Amino acid sequence: MGTKVEYYEGISTPKYYIVAVRGMMEDELDIKGENGTTITLKLPISRNDNTMALTEEGVVKSVPRGGNEELIGKKIRFWFSNTDFTIQSGIEIPGHVLVPDYDIIQVDDEMYGDYIYCTPIYKKTGLIYLPTIQEISYDSLQAPKQEWSDIHLDKGVVARENKHFPVGTNLFWGNPNAARQNWDGGFLIKRKYIQATGDGVPEAHYVERKKK
């Protein structure tokens, strides 16, 4: 079980940024009763799901030892996949989440660390049209379904400031599974997965290597 503590100015953790969020479920709800009284109700759902309605953004209130002090007060976007684990096994700070540096995706309007945001490259239309067809399964109990797409899933155009490539650069990452699709209507990709850049990218194609 984790430890629940209140947030105070100046508190910090050894490994995590403390980030204030608005999406956390409140433990209690106050309603007005008769004659101006206030009735406090306990919300039972918080016992089962601490990350219910959790958003992926917040404001950095504290940095860990050796962390990036410039992030204090900045609005960030982050993965919250580790948040529930942190709450259950570590420290729970009501109204806040604990975010490791490697889970920070974006700071204000600029991508952070190795993350890059790309908008799609649409397929050319003509007499012969070959859409992208994927076999996708959202339920392990059902057979995969075919989804057709008018965009390339293995490439995109850099659309936000980052530390690696200028905005407008064509990027090719090859394997569609390397990028998170439909993130802000585009792709979220890490620098290490980029295979090629330049004007020739729209003509490049991913070919899956067959296992021997």
# chains A, B, ... in the order shown; residues from 1 in each chain; ligands from 1

$ residues_around --residues "Ile11 in chain A" --least-positions-apart "5" --cutoff "10 Å" --atoms "only C-alpha atoms" --output "PyMOL selection string"
chain A and resi 6+18+61-64

$ residues_around --residues "Gln181 in chain A" --least-positions-apart "3" --cutoff "12 Å" --atoms "only C-alpha atoms" --output "PDB file with N, CA and C atoms, in the first residue's frame"
ATOM      1  N   TYR A 117       6.640  15.299 -32.531  1.00  0.00           N
ATOM      2  CA  TYR A 117       5.255  15.248 -33.018  1.00  0.00           C
ATOM      3  C   TYR A 117       5.232  15.504 -34.514  1.00  0.00           C
ATOM      4  N   CYS A 118       4.531  14.637 -35.251  1.00  0.00           N
ATOM      5  CA  CYS A 118       4.431  14.770 -36.710  1.00  0.00           C
ATOM      6  C   CYS A 118       2.969  14.779 -37.157  1.00  0.00           C
ATOM      7  N   THR A 119       2.677  15.602 -38.152  1.00  0.00           N
ATOM      8  CA  THR A 119       1.382  15.534 -38.805  1.00  0.00           C
ATOM      9  C   THR A 119       1.468  14.518 -39.940  1.00  0.00           C
ATOM     10  N   PRO A 120       0.333  13.970 -40.363  1.00  0.00           N
ATOM     11  CA  PRO A 120       0.349  12.905 -41.374  1.00  0.00           C
ATOM     12  C   PRO A 120       0.746  13.400 -42.762  1.00  0.00           C
ATOM     13  N   SER A 149      -6.929   3.507 -44.181  1.00  0.00           N
ATOM     14  CA  SER A 149      -6.460   4.853 -43.863  1.00  0.00           C
ATOM     15  C   SER A 149      -6.009   5.568 -45.128  1.00  0.00           C
ATOM     16  N   ILE A 151      -3.827   7.990 -44.954  1.00  0.00           N
ATOM     17  CA  ILE A 151      -2.519   8.559 -44.638  1.00  0.00           C
ATOM     18  C   ILE A 151      -1.479   7.460 -44.499  1.00  0.00           C
ATOM     19  N   HIS A 152      -0.220   7.841 -44.664  1.00  0.00           N
ATOM     20  CA  HIS A 152       0.878   6.905 -44.430  1.00  0.00           C
ATOM     21  C   HIS A 152       1.070   6.738 -42.930  1.00  0.00           C
ATOM     22  N   LEU A 153       1.275   5.514 -42.492  1.00  0.00           N
ATOM     23  CA  LEU A 153       1.464   5.242 -41.073  1.00  0.00           C
ATOM     24  C   LEU A 153       2.936   5.066 -40.712  1.00  0.00           C
ATOM     25  N   ASP A 154       3.811   5.163 -41.706  1.00  0.00           N
ATOM     26  CA  ASP A 154       5.236   4.948 -41.465  1.00  0.00           C
ATOM     27  C   ASP A 154       6.071   6.207 -41.656  1.00  0.00           C
ATOM     28  N   LYS A 155       5.410   7.349 -41.787  1.00  0.00           N
ATOM     29  CA  LYS A 155       6.131   8.605 -42.025  1.00  0.00           C
ATOM     30  C   LYS A 155       5.252   9.800 -41.643  1.00  0.00           C
ATOM     31  N   GLY A 156       5.870  10.983 -41.509  1.00  0.00           N
ATOM     32  CA  GLY A 156       5.121  12.181 -41.184  1.00  0.00           C
ATOM     33  C   GLY A 156       5.992  13.418 -41.305  1.00  0.00           C
ATOM     34  N   ASN A 175       8.422   1.122 -39.353  1.00  0.00           N
ATOM     35  CA  ASN A 175       7.436   0.278 -38.686  1.00  0.00           C
ATOM     36  C   ASN A 175       6.322   1.136 -38.081  1.00  0.00           C
ATOM     37  N   PRO A 176       5.069   0.972 -38.527  1.00  0.00           N
ATOM     38  CA  PRO A 176       3.964   1.770 -37.995  1.00  0.00           C
ATOM     39  C   PRO A 176       3.795   1.625 -36.482  1.00  0.00           C
ATOM     40  N   ASN A 177       4.212   0.492 -35.931  1.00  0.00           N
ATOM     41  CA  ASN A 177       4.073   0.260 -34.498  1.00  0.00           C
ATOM     42  C   ASN A 177       5.046   1.089 -33.669  1.00  0.00           C
ATOM     43  N   ALA A 178       6.017   1.743 -34.331  1.00  0.00           N
ATOM     44  CA  ALA A 178       7.004   2.544 -33.605  1.00  0.00           C
ATOM     45  C   ALA A 178       6.421   3.866 -33.126  1.00  0.00           C
ATOM     46  N   ASP A 184      -3.119  13.791 -30.875  1.00  0.00           N
ATOM     47  CA  ASP A 184      -3.411  15.147 -31.350  1.00  0.00           C
ATOM     48  C   ASP A 184      -3.621  15.179 -32.864  1.00  0.00           C
ATOM     49  N   GLY A 185      -4.199  14.118 -33.402  1.00  0.00           N
ATOM     50  CA  GLY A 185      -4.463  14.057 -34.827  1.00  0.00           C
ATOM     51  C   GLY A 185      -3.244  13.722 -35.672  1.00  0.00           C
ATOM     52  N   GLY A 186      -2.141  13.370 -35.032  1.00  0.00           N
ATOM     53  CA  GLY A 186      -0.920  13.046 -35.768  1.00  0.00           C
ATOM     54  C   GLY A 186      -0.206  11.859 -35.158  1.00  0.00           C
ATOM     55  N   PHE A 187       1.127  11.918 -35.146  1.00  0.00           N
ATOM     56  CA  PHE A 187       1.927  10.822 -34.630  1.00  0.00           C
ATOM     57  C   PHE A 187       2.880  11.323 -33.547  1.00  0.00           C
ATOM     58  N   LEU A 188       3.068  10.507 -32.522  1.00  0.00           N
ATOM     59  CA  LEU A 188       4.064  10.765 -31.494  1.00  0.00           C
ATOM     60  C   LEU A 188       5.152   9.714 -31.644  1.00  0.00           C
ATOM     61  N   ILE A 189       6.376  10.174 -31.873  1.00  0.00           N
ATOM     62  CA  ILE A 189       7.473   9.262 -32.183  1.00  0.00           C
ATOM     63  C   ILE A 189       8.720   9.679 -31.412  1.00  0.00           C
TER      64      ILE A 189
END

$ residues_around --residues "Lys163 in chain A" --least-positions-apart "6" --cutoff "12 Å" --atoms "only C-alpha atoms" --output "list in words"
Gln106, Glu110, Met111, Tyr112, Gly113, Asp114, Tyr115, Ile116, Tyr117, Lys190 and Arg191 of chain A

$ closest_residue --among "A:Gly95, A:Gly66, A:Pro202, A:Gly174" --to "Val21 in chain A" --atoms "only C-alpha atoms"
A:Gly95
